[in-house]
Amino acid sequence: MFKLASSPHTHSGALTSRIMLWVMGAMLPALFAEVYYFGDGVLIQSAIALIWAFILELIVTKLRHKPTFFYVKDFSGSLTALILAMAIPPYAPYWIILMGITIAILLGKQVYGGLGQNLFNPAMVGYAVLLVSFPVPMTTWMPPVELLQHTPSFMDSWLLIFTGHNSAGLTLTQLTATIDGLSQATPLNDLRTALEKGVTSLNEIKSSPIFADSSIFGPSAWTLSIGWTQVNLCFLVGGLFLLYKRIIHWQIPTALLVTFAICCSINWCIAPLAPNPIWELLSGATMFGAFFIATDPVTASITPRGKLIFGALIGFLLYIIRYYGGYPDAIAFAVLLANICVPLIDQYTRPHVSGHRVKGM
């Protein structure tokens with residue numbers, strides 16, 4: 001008898017563990033970019049997440065009386081941990097990442113039976129629960145280190161995460177208090193805050209130090225966002241590498257980005273203070289979500305047409321929630337809502353078997 005393995009299935013012949021390692025390798029450029037622009041807190045959060053995910057996987061496999069090494073060596077838990085660690089603020093308290101990984105591994109993955117059985121993207125389950133439960137620490141980002149008067153050392157980063165203050169006794173809020181124009185230290189938050197205050201001048205919004213001086217397409221265009229633009233470009237490079245290696249399929253990221261860009265273009269044409277589509281594509285977690293989150297082979301659609309619909313749905317939901325919802329960036333909620341629709345999408349996009357008549361014809 002042949003042994004039937006659970007999903008994700010692939011036609012490349014590569015093992016699941018090898019695919020997970022390729023994906024984590026493709027995330028390394030963005031990881032290094034985050035460390036460069038936001039400090040060593042990213043590395044510390046990643047280390048905490050990877051270690052705790054490994055421990056949880058060991059505990060769960062023991063409790064379920066499963067072969068421990070067989071279920072841990074697929075590196076799916078490590079990939080979930082790395083995605084979540086790179087998604088949360090680098091200097092969030094240590095218990096944030098511990099709780100997020102616990103929710104992602106236990107409630108997002110193992111409660112369904114493990115890899116291949118989960119209905120929702122585990123990392124996004126953990127992120128969404130954290131964002132709803134702890135909105136303040138989950139939206140308080142350290143500005144790019146080049147805007148700080150004193151760049152946090154590795155020890156300062158460690159102390160900020162585990163004690164809430166650096167070696168000089170300064171909290172994260174105090175470290176950013178000297179930077180004029182920064183509310184929560186993300187471009188999307190700055191934009192939302194300015195619009196809620198009734199700002200009517202584009203130059204007033206762009207006066208925040210978080211925006212670089214160089215513009216994208218001429219002096220009237222939106223400026224680049226320090227740190228976030230570069231990180232998104234790194235995710236784009238990593239995503240293109242995964243496409244080249246055929247680790248992921250082109251339909252989901254293409255449909256997501258094109259749909260989101262079209263919606264943003266329409267909004268840009270009719271709204272006087274709307275940022276241009278290029279700025280939107282390179283802000284928040286757009287590229288991260290398009291290439292590394294939405295393409296999860298377990299929770300995404302499996303048919304070619306279904307992948308296009310699934311990606312387009314995420315792009316549309318991302319636009320709707322980002323512009324009309326309560327959160328500046330909404331990739332987690334967009335992906336989770338689209339995950340709910342996957343069974344229906346697959347049902348109506350399955351290829352019909354040759355020689356069989358379609359019902360109703």
# chains A, B, ... in the order shown; residues from 1 in each chain; ligands from 1
>>> residues_around(residues="segment 25-28 of chain A", least_positions_apart="6", cutoff="12 Å", atoms="only C-alpha atoms", output="VMD selection string")
chain A and resid 18 to 19 34 to 35 42 to 43 46 78 to 79 82 to 83 85 to 87 231 to 245 247 to 248 287 to 289 291 to 293
>>> write_last_selection(atoms="C-alpha atoms", output="mmCIF file, in the first residue's frame")
data_model
loop_
_atom_site.group_PDB
_atom_site.id
_atom_site.type_symbol
_atom_site.label_atom_id
_atom_site.label_comp_id
_atom_site.auth_asym_id
_atom_site.auth_seq_id
_atom_site.Cartn_x
_atom_site.Cartn_y
_atom_site.Cartn_z
ATOM 1 C CA ARG A 18 12.467 21.820 1.395
ATOM 2 C CA ILE A 19 9.662 24.104 0.197
ATOM 3 C CA GLU A 34 13.927 45.211 8.609
ATOM 4 C CA VAL A 35 16.965 44.822 10.843
ATOM 5 C CA VAL A 42 13.456 42.037 14.598
ATOM 6 C CA LEU A 43 16.150 39.414 15.192
ATOM 7 C CA SER A 46 12.369 36.071 15.335
ATOM 8 C CA SER A 78 9.190 27.666 11.808
ATOM 9 C CA LEU A 79 7.781 29.428 8.751
ATOM 10 C CA LEU A 82 9.086 33.792 11.117
ATOM 11 C CA ILE A 83 6.097 35.330 9.302
ATOM 12 C CA ALA A 85 7.762 37.729 14.005
ATOM 13 C CA MET A 86 8.322 39.926 10.938
ATOM 14 C CA ALA A 87 4.723 41.173 11.015
ATOM 15 C CA VAL A 231 11.222 46.200 2.936
ATOM 16 C CA ASN A 232 8.383 45.823 0.412
ATOM 17 C CA LEU A 233 10.883 45.816 -2.446
ATOM 18 C CA CYS A 234 12.814 43.047 -0.695
ATOM 19 C CA PHE A 235 9.638 41.016 -0.321
ATOM 20 C CA LEU A 236 8.990 41.600 -4.029
ATOM 21 C CA VAL A 237 12.452 40.276 -4.904
ATOM 22 C CA GLY A 238 11.947 37.252 -2.664
ATOM 23 C CA GLY A 239 8.523 36.621 -4.171
ATOM 24 C CA LEU A 240 9.879 36.752 -7.717
ATOM 25 C CA PHE A 241 12.535 34.257 -6.678
ATOM 26 C CA LEU A 242 9.822 31.887 -5.415
ATOM 27 C CA LEU A 243 8.007 32.259 -8.726
ATOM 28 C CA TYR A 244 11.235 31.487 -10.589
ATOM 29 C CA LYS A 245 11.741 28.358 -8.471
ATOM 30 C CA ILE A 247 7.532 27.244 -5.257
ATOM 31 C CA ILE A 248 4.430 29.428 -5.606
ATOM 32 C CA MET A 287 4.139 42.601 -0.978
ATOM 33 C CA PHE A 288 4.553 40.463 2.124
ATOM 34 C CA GLY A 289 0.935 39.402 1.892
ATOM 35 C CA PHE A 291 3.884 36.552 -2.088
ATOM 36 C CA PHE A 292 4.319 34.959 1.336
ATOM 37 C CA ILE A 293 0.929 34.926 3.076
#
>>> residues_around(residues="segment 97-101 of chain A", least_positions_apart="3", cutoff="7 Å", atoms="only C-alpha atoms", output="list of chain:residue names")
A:Gln45, A:Ala49, A:Trp52, A:Ala53, A:Ala81, A:Ala85, A:Tyr94, A:Ala104, A:Ile105, A:Gly126, A:Tyr127, A:Leu130
>>> closest_residue(among="A:Ile302, A:Leu308, A:Leu281, A:Ala271", to="Gln251 of chain A", atoms="only C-alpha atoms")
A:Leu308
>>> residues_around(residues="segment 332-338 of chain A", least_positions_apart="2", cutoff="9 Å", atoms="only C-alpha atoms", output="number ranges by chain")
A: 120-121, 123-125, 127-128, 289, 293-294, 300, 310-311, 313-318, 321, 329-330, 340-342
>>> atom_distance(atom1="atom CA of Leu257 of chain A", atom2="atom CA of Asp346 of chain A")
20.9 Å
>>> select_by_dssp(residues="segment 128-339 of chain A", states="alpha helix (DSSP H)", output="PyMOL selection string")
chain A and resi 128-133+135-139+154-162+172-176+187-196+202-206+228-244+251-270+277-281+286-288+304-324+331-339
>>> closest_residue(among="A:Ser153, A:Gln230, A:Thr80, A:Ser133", to="Ala168 of chain A", atoms="only C-alpha atoms")
A:Ser153
>>> closest_residue(among="A:Ser76, A:Asn276, A:Asn118, A:Thr163", to="Trp95 of chain A", atoms="only C-alpha atoms")
A:Thr163
